[in-house]
file my_file17.pdb (PDB, C-alpha atoms and all ligand atoms)
ATOM      1  CA  MET Q   1      98.293 106.532 109.946  1.00  0.00           C
ATOM      2  CA  ARG Q   2     100.320 104.285 107.667  1.00  0.00           C
ATOM      3  CA  ILE Q   3     101.448 105.905 104.441  1.00  0.00           C
ATOM      4  CA  ALA Q   4     103.774 104.703 101.704  1.00  0.00           C
ATOM      5  CA  ARG Q   5     106.886 106.698 100.879  1.00  0.00           C
ATOM      6  CA  GLU Q   6     105.700 107.090  97.284  1.00  0.00           C
ATOM      7  CA  LEU Q   7     102.486 108.801  98.450  1.00  0.00           C
ATOM      8  CA  ILE Q   8     104.533 111.248 100.516  1.00  0.00           C
ATOM      9  CA  ASP Q   9     106.700 111.873  97.450  1.00  0.00           C
ATOM     10  CA  GLU Q  10     103.533 112.556  95.437  1.00  0.00           C
ATOM     11  CA  ILE Q  11     102.343 115.167  97.945  1.00  0.00           C
ATOM     12  CA  VAL Q  12     105.780 116.832  97.993  1.00  0.00           C
ATOM     13  CA  ALA Q  13     105.822 116.893  94.172  1.00  0.00           C
ATOM     14  CA  HIS Q  14     102.402 118.571  94.155  1.00  0.00           C
ATOM     15  CA  ALA Q  15     103.534 121.118  96.761  1.00  0.00           C
ATOM     16  CA  ARG Q  16     106.569 121.973  94.626  1.00  0.00           C
ATOM     17  CA  ALA Q  17     104.507 122.186  91.436  1.00  0.00           C
ATOM     18  CA  ASP Q  18     102.033 124.669  92.923  1.00  0.00           C
ATOM     19  CA  ALA Q  19     104.523 126.775  94.915  1.00  0.00           C
ATOM     20  CA  PRO Q  20     104.508 129.618  95.835  1.00  0.00           C
ATOM     21  CA  ASN Q  21     100.783 128.948  96.242  1.00  0.00           C
ATOM     22  CA  GLU Q  22      99.532 126.328  98.636  1.00  0.00           C
ATOM     23  CA  CYS Q  23      98.506 123.032  97.071  1.00  0.00           C
ATOM     24  CA  CYS Q  24      95.736 120.812  98.382  1.00  0.00           C
ATOM     25  CA  GLY Q  25      94.145 117.431  97.821  1.00  0.00           C
ATOM     26  CA  LEU Q  26      92.681 114.330  99.364  1.00  0.00           C
ATOM     27  CA  VAL Q  27      94.140 110.990 100.403  1.00  0.00           C
ATOM     28  CA  SER Q  28      91.996 107.873 100.352  1.00  0.00           C
ATOM     29  CA  GLY Q  29      92.480 104.959 102.657  1.00  0.00           C
ATOM     30  CA  THR Q  30      91.132 101.948 104.443  1.00  0.00           C
ATOM     31  CA  ASP Q  31      91.631 101.079 108.114  1.00  0.00           C
ATOM     32  CA  GLY Q  32      94.064 103.877 108.801  1.00  0.00           C
ATOM     33  CA  HIS Q  33      96.208 102.962 105.809  1.00  0.00           C
ATOM     34  CA  ALA Q  34      96.615 105.615 103.113  1.00  0.00           C
ATOM     35  CA  THR Q  35      96.135 104.164  99.644  1.00  0.00           C
ATOM     36  CA  ARG Q  36      96.079 106.937  97.066  1.00  0.00           C
ATOM     37  CA  VAL Q  37      96.729 110.665  96.601  1.00  0.00           C
ATOM     38  CA  TYR Q  38      94.234 112.800  94.670  1.00  0.00           C
ATOM     39  CA  ARG Q  39      95.415 116.227  93.619  1.00  0.00           C
ATOM     40  CA  ALA Q  40      92.879 119.047  93.708  1.00  0.00           C
ATOM     41  CA  ARG Q  41      93.052 122.661  92.655  1.00  0.00           C
ATOM     42  CA  ASN Q  42      93.346 125.302  95.340  1.00  0.00           C
ATOM     43  CA  ALA Q  43      90.360 127.519  94.570  1.00  0.00           C
ATOM     44  CA  GLU Q  44      92.038 130.370  96.452  1.00  0.00           C
ATOM     45  CA  ARG Q  45      95.255 130.258  94.397  1.00  0.00           C
ATOM     46  CA  SER Q  46      96.927 131.741  97.446  1.00  0.00           C
ATOM     47  CA  PRO Q  47     100.269 131.304  99.222  1.00  0.00           C
ATOM     48  CA  LEU Q  48      98.461 131.700 102.557  1.00  0.00           C
ATOM     49  CA  ARG Q  49      95.305 129.609 102.434  1.00  0.00           C
ATOM     50  CA  TYR Q  50      93.544 126.870 100.566  1.00  0.00           C
ATOM     51  CA  THR Q  51      90.064 125.774  99.598  1.00  0.00           C
ATOM     52  CA  ILE Q  52      89.693 122.488  97.779  1.00  0.00           C
ATOM     53  CA  HIS Q  53      88.036 123.391  94.490  1.00  0.00           C
ATOM     54  CA  PRO Q  54      84.393 122.232  94.837  1.00  0.00           C
ATOM     55  CA  THR Q  55      84.310 120.581  91.402  1.00  0.00           C
ATOM     56  CA  ASP Q  56      87.462 118.617  92.194  1.00  0.00           C
ATOM     57  CA  GLN Q  57      86.166 117.706  95.636  1.00  0.00           C
ATOM     58  CA  LEU Q  58      82.962 116.222  94.227  1.00  0.00           C
ATOM     59  CA  ARG Q  59      84.804 114.298  91.505  1.00  0.00           C
ATOM     60  CA  ILE Q  60      87.403 112.921  93.913  1.00  0.00           C
ATOM     61  CA  MET Q  61      84.888 111.984  96.601  1.00  0.00           C
ATOM     62  CA  THR Q  62      82.819 110.112  94.020  1.00  0.00           C
ATOM     63  CA  GLU Q  63      85.893 108.257  92.792  1.00  0.00           C
ATOM     64  CA  ILE Q  64      86.945 107.313  96.328  1.00  0.00           C
ATOM     65  CA  GLU Q  65      83.425 106.082  97.095  1.00  0.00           C
ATOM     66  CA  ASP Q  66      83.323 104.070  93.861  1.00  0.00           C
ATOM     67  CA  ARG Q  67      86.507 102.315  94.941  1.00  0.00           C
ATOM     68  CA  GLY Q  68      84.930 101.416  98.269  1.00  0.00           C
ATOM     69  CA  GLU Q  69      87.476 103.479 100.157  1.00  0.00           C
ATOM     70  CA  GLU Q  70      87.225 106.386 102.545  1.00  0.00           C
ATOM     71  CA  ILE Q  71      88.688 109.843 102.810  1.00  0.00           C
ATOM     72  CA  ALA Q  72      91.625 109.272 105.118  1.00  0.00           C
ATOM     73  CA  ALA Q  73      93.247 112.673 104.933  1.00  0.00           C
ATOM     74  CA  ILE Q  74      93.167 116.154 103.521  1.00  0.00           C
ATOM     75  CA  TYR Q  75      96.550 117.570 102.620  1.00  0.00           C
ATOM     76  CA  HIS Q  76      97.853 121.022 101.871  1.00  0.00           C
ATOM     77  CA  SER Q  77     101.204 122.717 101.745  1.00  0.00           C
ATOM     78  CA  HIS Q  78     102.920 125.493 103.648  1.00  0.00           C
ATOM     79  CA  THR Q  79     105.411 126.871 101.200  1.00  0.00           C
ATOM     80  CA  ARG Q  80     107.194 129.224 103.611  1.00  0.00           C
ATOM     81  CA  THR Q  81     106.260 128.101 107.104  1.00  0.00           C
ATOM     82  CA  SER Q  82     106.551 125.053 109.330  1.00  0.00           C
ATOM     83  CA  PRO Q  83     104.172 122.077 108.997  1.00  0.00           C
ATOM     84  CA  GLU Q  84     101.814 123.115 111.779  1.00  0.00           C
ATOM     85  CA  PRO Q  85      98.140 124.060 111.474  1.00  0.00           C
ATOM     86  CA  SER Q  86      97.503 127.790 111.255  1.00  0.00           C
ATOM     87  CA  GLN Q  87      94.464 129.354 112.913  1.00  0.00           C
ATOM     88  CA  THR Q  88      92.926 129.431 109.422  1.00  0.00           C
ATOM     89  CA  ASP Q  89      93.511 125.670 109.114  1.00  0.00           C
ATOM     90  CA  ILE Q  90      91.952 125.057 112.530  1.00  0.00           C
ATOM     91  CA  ASN Q  91      88.886 127.108 111.617  1.00  0.00           C
ATOM     92  CA  LEU Q  92      88.541 125.319 108.287  1.00  0.00           C
ATOM     93  CA  ALA Q  93      88.621 121.897 109.974  1.00  0.00           C
ATOM     94  CA  GLU Q  94      85.534 122.727 112.028  1.00  0.00           C
ATOM     95  CA  ASN Q  95      83.311 121.736 109.134  1.00  0.00           C
ATOM     96  CA  TRP Q  96      85.123 118.463 108.468  1.00  0.00           C
ATOM     97  CA  PRO Q  97      86.582 116.982 111.659  1.00  0.00           C
ATOM     98  CA  ASP Q  98      87.085 113.334 110.643  1.00  0.00           C
ATOM     99  CA  PRO Q  99      90.024 113.248 108.223  1.00  0.00           C
ATOM    100  CA  VAL Q 100      93.657 113.508 109.254  1.00  0.00           C
ATOM    101  CA  TYR Q 101      95.109 116.852 108.185  1.00  0.00           C
ATOM    102  CA  LEU Q 102      98.461 116.438 106.458  1.00  0.00           C
ATOM    103  CA  ILE Q 103     100.642 119.497 106.064  1.00  0.00           C
ATOM    104  CA  CYS Q 104     103.661 119.469 103.778  1.00  0.00           C
ATOM    105  CA  SER Q 105     106.209 122.194 104.511  1.00  0.00           C
ATOM    106  CA  LEU Q 106     108.645 123.465 101.928  1.00  0.00           C
ATOM    107  CA  ALA Q 107     110.172 125.968 104.369  1.00  0.00           C
ATOM    108  CA  ASP Q 108     113.452 124.128 103.836  1.00  0.00           C
ATOM    109  CA  PRO Q 109     113.314 123.369 100.093  1.00  0.00           C
ATOM    110  CA  GLU Q 110     115.981 120.698 100.431  1.00  0.00           C
ATOM    111  CA  ALA Q 111     114.147 118.900 103.220  1.00  0.00           C
ATOM    112  CA  PRO Q 112     110.348 118.916 102.804  1.00  0.00           C
ATOM    113  CA  ARG Q 113     108.493 117.795 105.911  1.00  0.00           C
ATOM    114  CA  LEU Q 114     105.105 116.147 106.237  1.00  0.00           C
ATOM    115  CA  ARG Q 115     103.188 115.985 109.510  1.00  0.00           C
ATOM    116  CA  GLY Q 116      99.693 114.786 110.344  1.00  0.00           C
ATOM    117  CA  PHE Q 117      97.159 116.255 112.744  1.00  0.00           C
ATOM    118  CA  ALA Q 118      93.719 115.558 114.123  1.00  0.00           C
ATOM    119  CA  ILE Q 119      91.857 118.858 114.404  1.00  0.00           C
ATOM    120  CA  ARG Q 120      88.618 118.703 116.361  1.00  0.00           C
ATOM    121  CA  ASP Q 121      86.708 121.376 118.249  1.00  0.00           C
ATOM    122  CA  GLY Q 122      89.578 123.790 117.814  1.00  0.00           C
ATOM    123  CA  ARG Q 123      92.067 121.382 119.391  1.00  0.00           C
ATOM    124  CA  VAL Q 124      95.093 120.057 117.537  1.00  0.00           C
ATOM    125  CA  ALA Q 125      96.752 116.688 118.207  1.00  0.00           C
ATOM    126  CA  GLU Q 126      99.581 115.219 116.183  1.00  0.00           C
ATOM    127  CA  VAL Q 127      98.847 111.982 114.340  1.00  0.00           C
ATOM    128  CA  GLU Q 128     101.853 109.727 113.973  1.00  0.00           C
ATOM    129  CA  LEU Q 129     102.724 108.904 110.364  1.00  0.00           C
ATOM    130  CA  ARG Q 130     104.178 105.428 109.963  1.00  0.00           C
ATOM    131  CA  VAL Q 131     106.017 105.378 106.680  1.00  0.00           C
ATOM    132  CA  ASP Q 132     105.939 102.201 104.623  1.00  0.00           C
ATOM    133  CA  ASP Q 133     109.070 102.017 102.532  1.00  0.00           C
ATOM    134  CA  GLU Q 134     107.809  99.153 100.383  1.00  0.00           C
TER     135      GLU Q 134
HETATM  136 ZN    ZN Q 201      97.812 125.622 106.445  1.00  0.00          ZN
END

call {"tool": "encode", "arguments": {"input": "my_file17.pdb", "output": "structure tokens"}}
result
Amino acid sequence: MRIARELIDEIVAHARADAPNECCGLVSGTDGHATRVYRARNAERSPLRYTIHPTDQLRIMTEIEDRGEEIAAIYHSHTRTSPEPSQTDINLAENWPDPVYLICSLADPEAPRLRGFAIRDGRVAEVELRVDDE
């Protein structure tokens, strides 16, 4: 997936703003190219898990559809652990297998890391993120 540096910065800023709880949101895109970050509330307000707040999800999905774009990715943060899907994340993805799952880790506060994964049928495969520095 291609993603601009400024979108990564936006996700990191959201992760920092919501820490120590996990943050979450959606990323729209077209043809494998991320175009916009939409912050959502974590309905769980938890440092260990996330649920995109249903009201936010509906509003954001409507806005993405109105723009003629698609949901390219779902992002959330790991404030203390590495950017790898937890078993909870894998279970959650069962209901929504199409988007790329982006995980932003703040385990090293000085060096946030973002990785992408395809999670289908309980299997995890890394999705390469190609960063546009434009
Ligand atoms: Zn997670």

call {"tool": "closest_residue", "arguments": {"input": "my_file17.pdb", "among": "Q:Arg123, Q:Leu114, Q:Ala107, Q:Thr81", "to": "Q:Glu94", "atoms": "all atoms listed in the file"}}
result
Q:Arg123

call {"tool": "closest_residue", "arguments": {"input": "my_file17.pdb", "among": "Q:Ala19, Q:Leu106, Q:Leu92, Q:Ala43", "to": "Q:Arg120", "atoms": "only C-alpha atoms"}}
result
Q:Leu92

call {"tool": "closest_residue", "arguments": {"input": "my_file17.pdb", "among": "Q:Thr55, Q:Thr62, Q:Asn42, Q:Thr30", "to": "ligand ZN 201 (chain Q)", "atoms": "all atoms listed in the file"}}
result
Q:Asn42

call {"tool": "closest_residue", "arguments": {"input": "my_file17.pdb", "among": "Q:Leu129, Q:Ala93, Q:Ile11, Q:Met1", "to": "Q:Thr51", "atoms": "all atoms listed in the file"}}
result
Q:Ala93

call {"tool": "closest_residue", "arguments": {"input": "my_file17.pdb", "among": "Q:Ala118, Q:Leu48, Q:Val131, Q:Ala4", "to": "ligand ZN 201 (chain Q)", "atoms": "all atoms listed in the file"}}
result
Q:Leu48

call {"tool": "residues_near_ligand", "arguments": {"input": "my_file17.pdb", "ligand": "ligand ZN 201 (chain Q)", "cutoff": "8 Å", "atoms": "only C-alpha atoms and all ligand atoms", "output": "compact mmCIF listing (two decimals) with C-alpha atoms, keeping the file's coordinate frame"}}
result
# COMPACT_ATOMS: atom_id res chain seq x y z
CA LEU Q 48 98.46 131.70 102.56
CA ARG Q 49 95.30 129.61 102.43
CA TYR Q 50 93.54 126.87 100.57
CA HIS Q 76 97.85 121.02 101.87
CA SER Q 77 101.20 122.72 101.74
CA HIS Q 78 102.92 125.49 103.65
CA PRO Q 83 104.17 122.08 109.00
CA GLU Q 84 101.81 123.12 111.78
CA PRO Q 85 98.14 124.06 111.47
CA SER Q 86 97.50 127.79 111.26
CA THR Q 88 92.93 129.43 109.42
CA ASP Q 89 93.51 125.67 109.11
CA ILE Q 103 100.64 119.50 106.06

call {"tool": "closest_residue", "arguments": {"input": "my_file17.pdb", "among": "Q:Val27, Q:Ile60, Q:Ala72, Q:Ile119", "to": "Q:Asn91", "atoms": "all atoms listed in the file"}}
result
Q:Ile119

call {"tool": "residues_around", "arguments": {"input": "my_file17.pdb", "residues": "Q:Gln57", "least_positions_apart": "5", "cutoff": "10 Å", "atoms": "only C-alpha atoms", "output": "list in words"}}
result
Gly25, Leu26, Tyr38, Arg39, Ala40, Arg41, Thr51, Ile52, Thr62 and Glu63 of chain Q

call {"tool": "resolve_selection", "arguments": {"input": "my_file17.pdb", "expression": "the PyMOL selection byres (((chain Q and resi 29) around 10) and not hetatm)", "output": "PDB file with C-alpha atoms, in the frame of the given file"}}
result
ATOM      1  CA  MET Q   1      98.293 106.532 109.946  1.00  0.00           C
ATOM      2  CA  ARG Q   2     100.320 104.285 107.667  1.00  0.00           C
ATOM      3  CA  ILE Q   3     101.448 105.905 104.441  1.00  0.00           C
ATOM      4  CA  LEU Q  26      92.681 114.330  99.364  1.00  0.00           C
ATOM      5  CA  VAL Q  27      94.140 110.990 100.403  1.00  0.00           C
ATOM      6  CA  SER Q  28      91.996 107.873 100.352  1.00  0.00           C
ATOM      7  CA  THR Q  30      91.132 101.948 104.443  1.00  0.00           C
ATOM      8  CA  ASP Q  31      91.631 101.079 108.114  1.00  0.00           C
ATOM      9  CA  GLY Q  32      94.064 103.877 108.801  1.00  0.00           C
ATOM     10  CA  HIS Q  33      96.208 102.962 105.809  1.00  0.00           C
ATOM     11  CA  ALA Q  34      96.615 105.615 103.113  1.00  0.00           C
ATOM     12  CA  THR Q  35      96.135 104.164  99.644  1.00  0.00           C
ATOM     13  CA  ARG Q  36      96.079 106.937  97.066  1.00  0.00           C
ATOM     14  CA  VAL Q  37      96.729 110.665  96.601  1.00  0.00           C
ATOM     15  CA  ILE Q  64      86.945 107.313  96.328  1.00  0.00           C
ATOM     16  CA  GLY Q  68      84.930 101.416  98.269  1.00  0.00           C
ATOM     17  CA  GLU Q  69      87.476 103.479 100.157  1.00  0.00           C
ATOM     18  CA  GLU Q  70      87.225 106.386 102.545  1.00  0.00           C
ATOM     19  CA  ILE Q  71      88.688 109.843 102.810  1.00  0.00           C
ATOM     20  CA  ALA Q  72      91.625 109.272 105.118  1.00  0.00           C
ATOM     21  CA  ALA Q  73      93.247 112.673 104.933  1.00  0.00           C
TER      22      ALA Q  73
END

call {"tool": "atom_distance", "arguments": {"input": "my_file17.pdb", "atom1": "atom CA of Q:Met61", "atom2": "atom CA of Q:Glu22"}}
result
20.6 Å

call {"tool": "atom_distance", "arguments": {"input": "my_file17.pdb", "atom1": "atom CA of Q:Glu65", "atom2": "atom CA of Q:Val12"}}
result
24.8 Å

call {"tool": "atom_distance", "arguments": {"input": "my_file17.pdb", "atom1": "atom CA of Q:Ala13", "atom2": "atom CA of Q:Ile90"}}
result
24.4 Å

call {"tool": "decode", "arguments": {"input": "my_file17.pdb", "residues": "stretch 12-43 of chain Q", "atoms": "N, CA, C and O atoms", "output": "PDB file, in the first residue's frame"}}
result
ATOM      1  N   VAL Q  12       0.303   8.658  13.911  1.00  0.00           N
ATOM      2  CA  VAL Q  12       1.177   8.709  15.092  1.00  0.00           C
ATOM      3  C   VAL Q  12       0.677   9.783  16.067  1.00  0.00           C
ATOM      4  O   VAL Q  12       0.627   9.553  17.283  1.00  0.00           O
ATOM      5  N   ALA Q  13       0.252  10.922  15.530  1.00  0.00           N
ATOM      6  CA  ALA Q  13      -0.255  12.007  16.389  1.00  0.00           C
ATOM      7  C   ALA Q  13      -1.504  11.551  17.140  1.00  0.00           C
ATOM      8  O   ALA Q  13      -1.673  11.853  18.326  1.00  0.00           O
ATOM      9  N   HIS Q  14      -2.367  10.805  16.447  1.00  0.00           N
ATOM     10  CA  HIS Q  14      -3.581  10.291  17.100  1.00  0.00           C
ATOM     11  C   HIS Q  14      -3.214   9.285  18.191  1.00  0.00           C
ATOM     12  O   HIS Q  14      -3.769   9.311  19.281  1.00  0.00           O
ATOM     13  N   ALA Q  15      -2.255   8.405  17.875  1.00  0.00           N
ATOM     14  CA  ALA Q  15      -1.820   7.402  18.866  1.00  0.00           C
ATOM     15  C   ALA Q  15      -1.295   8.095  20.120  1.00  0.00           C
ATOM     16  O   ALA Q  15      -1.607   7.690  21.252  1.00  0.00           O
ATOM     17  N   ARG Q  16      -0.510   9.152  19.924  1.00  0.00           N
ATOM     18  CA  ARG Q  16       0.054   9.876  21.073  1.00  0.00           C
ATOM     19  C   ARG Q  16      -1.040  10.601  21.857  1.00  0.00           C
ATOM     20  O   ARG Q  16      -1.016  10.643  23.089  1.00  0.00           O
ATOM     21  N   ALA Q  17      -2.022  11.143  21.133  1.00  0.00           N
ATOM     22  CA  ALA Q  17      -3.082  11.905  21.795  1.00  0.00           C
ATOM     23  C   ALA Q  17      -3.937  11.003  22.686  1.00  0.00           C
ATOM     24  O   ALA Q  17      -4.400  11.426  23.743  1.00  0.00           O
ATOM     25  N   ASP Q  18      -4.155   9.768  22.246  1.00  0.00           N
ATOM     26  CA  ASP Q  18      -5.052   8.872  22.988  1.00  0.00           C
ATOM     27  C   ASP Q  18      -4.318   7.979  23.984  1.00  0.00           C
ATOM     28  O   ASP Q  18      -4.961   7.277  24.771  1.00  0.00           O
ATOM     29  N   ALA Q  19      -2.990   7.952  23.950  1.00  0.00           N
ATOM     30  CA  ALA Q  19      -2.233   7.115  24.878  1.00  0.00           C
ATOM     31  C   ALA Q  19      -2.557   7.545  26.305  1.00  0.00           C
ATOM     32  O   ALA Q  19      -2.780   8.737  26.549  1.00  0.00           O
ATOM     33  N   PRO Q  20      -2.625   6.618  27.286  1.00  0.00           N
ATOM     34  CA  PRO Q  20      -2.203   5.210  27.180  1.00  0.00           C
ATOM     35  C   PRO Q  20      -3.243   4.287  26.560  1.00  0.00           C
ATOM     36  O   PRO Q  20      -2.971   3.096  26.432  1.00  0.00           O
ATOM     37  N   ASN Q  21      -4.431   4.812  26.195  1.00  0.00           N
ATOM     38  CA  ASN Q  21      -5.391   3.942  25.532  1.00  0.00           C
ATOM     39  C   ASN Q  21      -5.036   3.767  24.067  1.00  0.00           C
ATOM     40  O   ASN Q  21      -4.351   4.610  23.483  1.00  0.00           O
ATOM     41  N   GLU Q  22      -5.521   2.693  23.485  1.00  0.00           N
ATOM     42  CA  GLU Q  22      -5.338   2.493  22.059  1.00  0.00           C
ATOM     43  C   GLU Q  22      -6.221   3.472  21.296  1.00  0.00           C
ATOM     44  O   GLU Q  22      -7.353   3.753  21.704  1.00  0.00           O
ATOM     45  N   CYS Q  23      -5.709   3.987  20.197  1.00  0.00           N
ATOM     46  CA  CYS Q  23      -6.521   4.805  19.298  1.00  0.00           C
ATOM     47  C   CYS Q  23      -6.958   3.925  18.135  1.00  0.00           C
ATOM     48  O   CYS Q  23      -6.428   2.831  17.936  1.00  0.00           O
ATOM     49  N   CYS Q  24      -7.931   4.407  17.362  1.00  0.00           N
ATOM     50  CA  CYS Q  24      -8.321   3.659  16.172  1.00  0.00           C
ATOM     51  C   CYS Q  24      -8.961   4.603  15.163  1.00  0.00           C
ATOM     52  O   CYS Q  24      -9.357   5.721  15.504  1.00  0.00           O
ATOM     53  N   GLY Q  25      -9.022   4.151  13.931  1.00  0.00           N
ATOM     54  CA  GLY Q  25      -9.629   4.955  12.874  1.00  0.00           C
ATOM     55  C   GLY Q  25      -9.562   4.236  11.547  1.00  0.00           C
ATOM     56  O   GLY Q  25      -9.140   3.081  11.475  1.00  0.00           O
ATOM     57  N   LEU Q  26      -9.997   4.942  10.528  1.00  0.00           N
ATOM     58  CA  LEU Q  26     -10.045   4.363   9.184  1.00  0.00           C
ATOM     59  C   LEU Q  26      -9.175   5.192   8.241  1.00  0.00           C
ATOM     60  O   LEU Q  26      -8.941   6.379   8.470  1.00  0.00           O
ATOM     61  N   VAL Q  27      -8.706   4.541   7.190  1.00  0.00           N
ATOM     62  CA  VAL Q  27      -7.947   5.220   6.146  1.00  0.00           C
ATOM     63  C   VAL Q  27      -8.647   4.939   4.819  1.00  0.00           C
ATOM     64  O   VAL Q  27      -8.917   3.776   4.497  1.00  0.00           O
ATOM     65  N   SER Q  28      -8.967   5.995   4.099  1.00  0.00           N
ATOM     66  CA  SER Q  28      -9.595   5.799   2.791  1.00  0.00           C
ATOM     67  C   SER Q  28      -8.518   5.694   1.731  1.00  0.00           C
ATOM     68  O   SER Q  28      -7.355   6.041   1.955  1.00  0.00           O
ATOM     69  N   GLY Q  29      -8.931   5.222   0.568  1.00  0.00           N
ATOM     70  CA  GLY Q  29      -7.953   5.088  -0.501  1.00  0.00           C
ATOM     71  C   GLY Q  29      -8.591   4.727  -1.815  1.00  0.00           C
ATOM     72  O   GLY Q  29      -9.787   4.432  -1.887  1.00  0.00           O
ATOM     73  N   THR Q  30      -7.777   4.781  -2.845  1.00  0.00           N
ATOM     74  CA  THR Q  30      -8.179   4.287  -4.159  1.00  0.00           C
ATOM     75  C   THR Q  30      -7.000   3.545  -4.755  1.00  0.00           C
ATOM     76  O   THR Q  30      -5.853   3.999  -4.651  1.00  0.00           O
ATOM     77  N   ASP Q  31      -7.259   2.394  -5.340  1.00  0.00           N
ATOM     78  CA  ASP Q  31      -6.222   1.603  -6.016  1.00  0.00           C
ATOM     79  C   ASP Q  31      -4.985   1.391  -5.160  1.00  0.00           C
ATOM     80  O   ASP Q  31      -3.857   1.591  -5.633  1.00  0.00           O
ATOM     81  N   GLY Q  32      -5.177   1.008  -3.925  1.00  0.00           N
ATOM     82  CA  GLY Q  32      -4.030   0.689  -3.087  1.00  0.00           C
ATOM     83  C   GLY Q  32      -3.211   1.888  -2.643  1.00  0.00           C
ATOM     84  O   GLY Q  32      -2.084   1.757  -2.193  1.00  0.00           O
ATOM     85  N   HIS Q  33      -3.790   3.072  -2.798  1.00  0.00           N
ATOM     86  CA  HIS Q  33      -3.110   4.310  -2.440  1.00  0.00           C
ATOM     87  C   HIS Q  33      -3.914   5.001  -1.338  1.00  0.00           C
ATOM     88  O   HIS Q  33      -5.047   5.418  -1.578  1.00  0.00           O
ATOM     89  N   ALA Q  34      -3.345   5.096  -0.145  1.00  0.00           N
ATOM     90  CA  ALA Q  34      -4.056   5.743   0.955  1.00  0.00           C
ATOM     91  C   ALA Q  34      -4.215   7.228   0.667  1.00  0.00           C
ATOM     92  O   ALA Q  34      -3.297   7.879   0.169  1.00  0.00           O
ATOM     93  N   THR Q  35      -5.419   7.756   0.967  1.00  0.00           N
ATOM     94  CA  THR Q  35      -5.667   9.159   0.629  1.00  0.00           C
ATOM     95  C   THR Q  35      -5.988  10.038   1.833  1.00  0.00           C
ATOM     96  O   THR Q  35      -5.759  11.241   1.791  1.00  0.00           O
ATOM     97  N   ARG Q  36      -6.539   9.445   2.898  1.00  0.00           N
ATOM     98  CA  ARG Q  36      -7.006  10.295   3.983  1.00  0.00           C
ATOM     99  C   ARG Q  36      -7.173   9.484   5.261  1.00  0.00           C
ATOM    100  O   ARG Q  36      -7.597   8.334   5.209  1.00  0.00           O
ATOM    101  N   VAL Q  37      -6.851  10.110   6.394  1.00  0.00           N
ATOM    102  CA  VAL Q  37      -6.992   9.455   7.702  1.00  0.00           C
ATOM    103  C   VAL Q  37      -8.222  10.014   8.409  1.00  0.00           C
ATOM    104  O   VAL Q  37      -8.414  11.231   8.459  1.00  0.00           O
ATOM    105  N   TYR Q  38      -9.058   9.120   8.923  1.00  0.00           N
ATOM    106  CA  TYR Q  38     -10.252   9.510   9.673  1.00  0.00           C
ATOM    107  C   TYR Q  38     -10.125   8.993  11.096  1.00  0.00           C
ATOM    108  O   TYR Q  38     -10.148   7.774  11.317  1.00  0.00           O
ATOM    109  N   ARG Q  39     -10.005   9.882  12.037  1.00  0.00           N
ATOM    110  CA  ARG Q  39      -9.941   9.462  13.434  1.00  0.00           C
ATOM    111  C   ARG Q  39     -11.306   8.984  13.905  1.00  0.00           C
ATOM    112  O   ARG Q  39     -12.323   9.590  13.559  1.00  0.00           O
ATOM    113  N   ALA Q  40     -11.310   7.951  14.723  1.00  0.00           N
ATOM    114  CA  ALA Q  40     -12.540   7.490  15.371  1.00  0.00           C
ATOM    115  C   ALA Q  40     -12.259   7.373  16.859  1.00  0.00           C
ATOM    116  O   ALA Q  40     -11.102   7.338  17.287  1.00  0.00           O
ATOM    117  N   ARG Q  41     -13.343   7.310  17.631  1.00  0.00           N
ATOM    118  CA  ARG Q  41     -13.176   7.051  19.059  1.00  0.00           C
ATOM    119  C   ARG Q  41     -13.058   5.547  19.291  1.00  0.00           C
ATOM    120  O   ARG Q  41     -13.698   4.771  18.591  1.00  0.00           O
ATOM    121  N   ASN Q  42     -12.234   5.181  20.245  1.00  0.00           N
ATOM    122  CA  ASN Q  42     -12.164   3.794  20.682  1.00  0.00           C
ATOM    123  C   ASN Q  42     -13.255   3.590  21.724  1.00  0.00           C
ATOM    124  O   ASN Q  42     -13.155   4.088  22.844  1.00  0.00           O
ATOM    125  N   ALA Q  43     -14.303   2.842  21.337  1.00  0.00           N
ATOM    126  CA  ALA Q  43     -15.439   2.658  22.235  1.00  0.00           C
ATOM    127  C   ALA Q  43     -15.041   1.921  23.511  1.00  0.00           C
ATOM    128  O   ALA Q  43     -15.731   2.017  24.528  1.00  0.00           O
TER     129      ALA Q  43
END
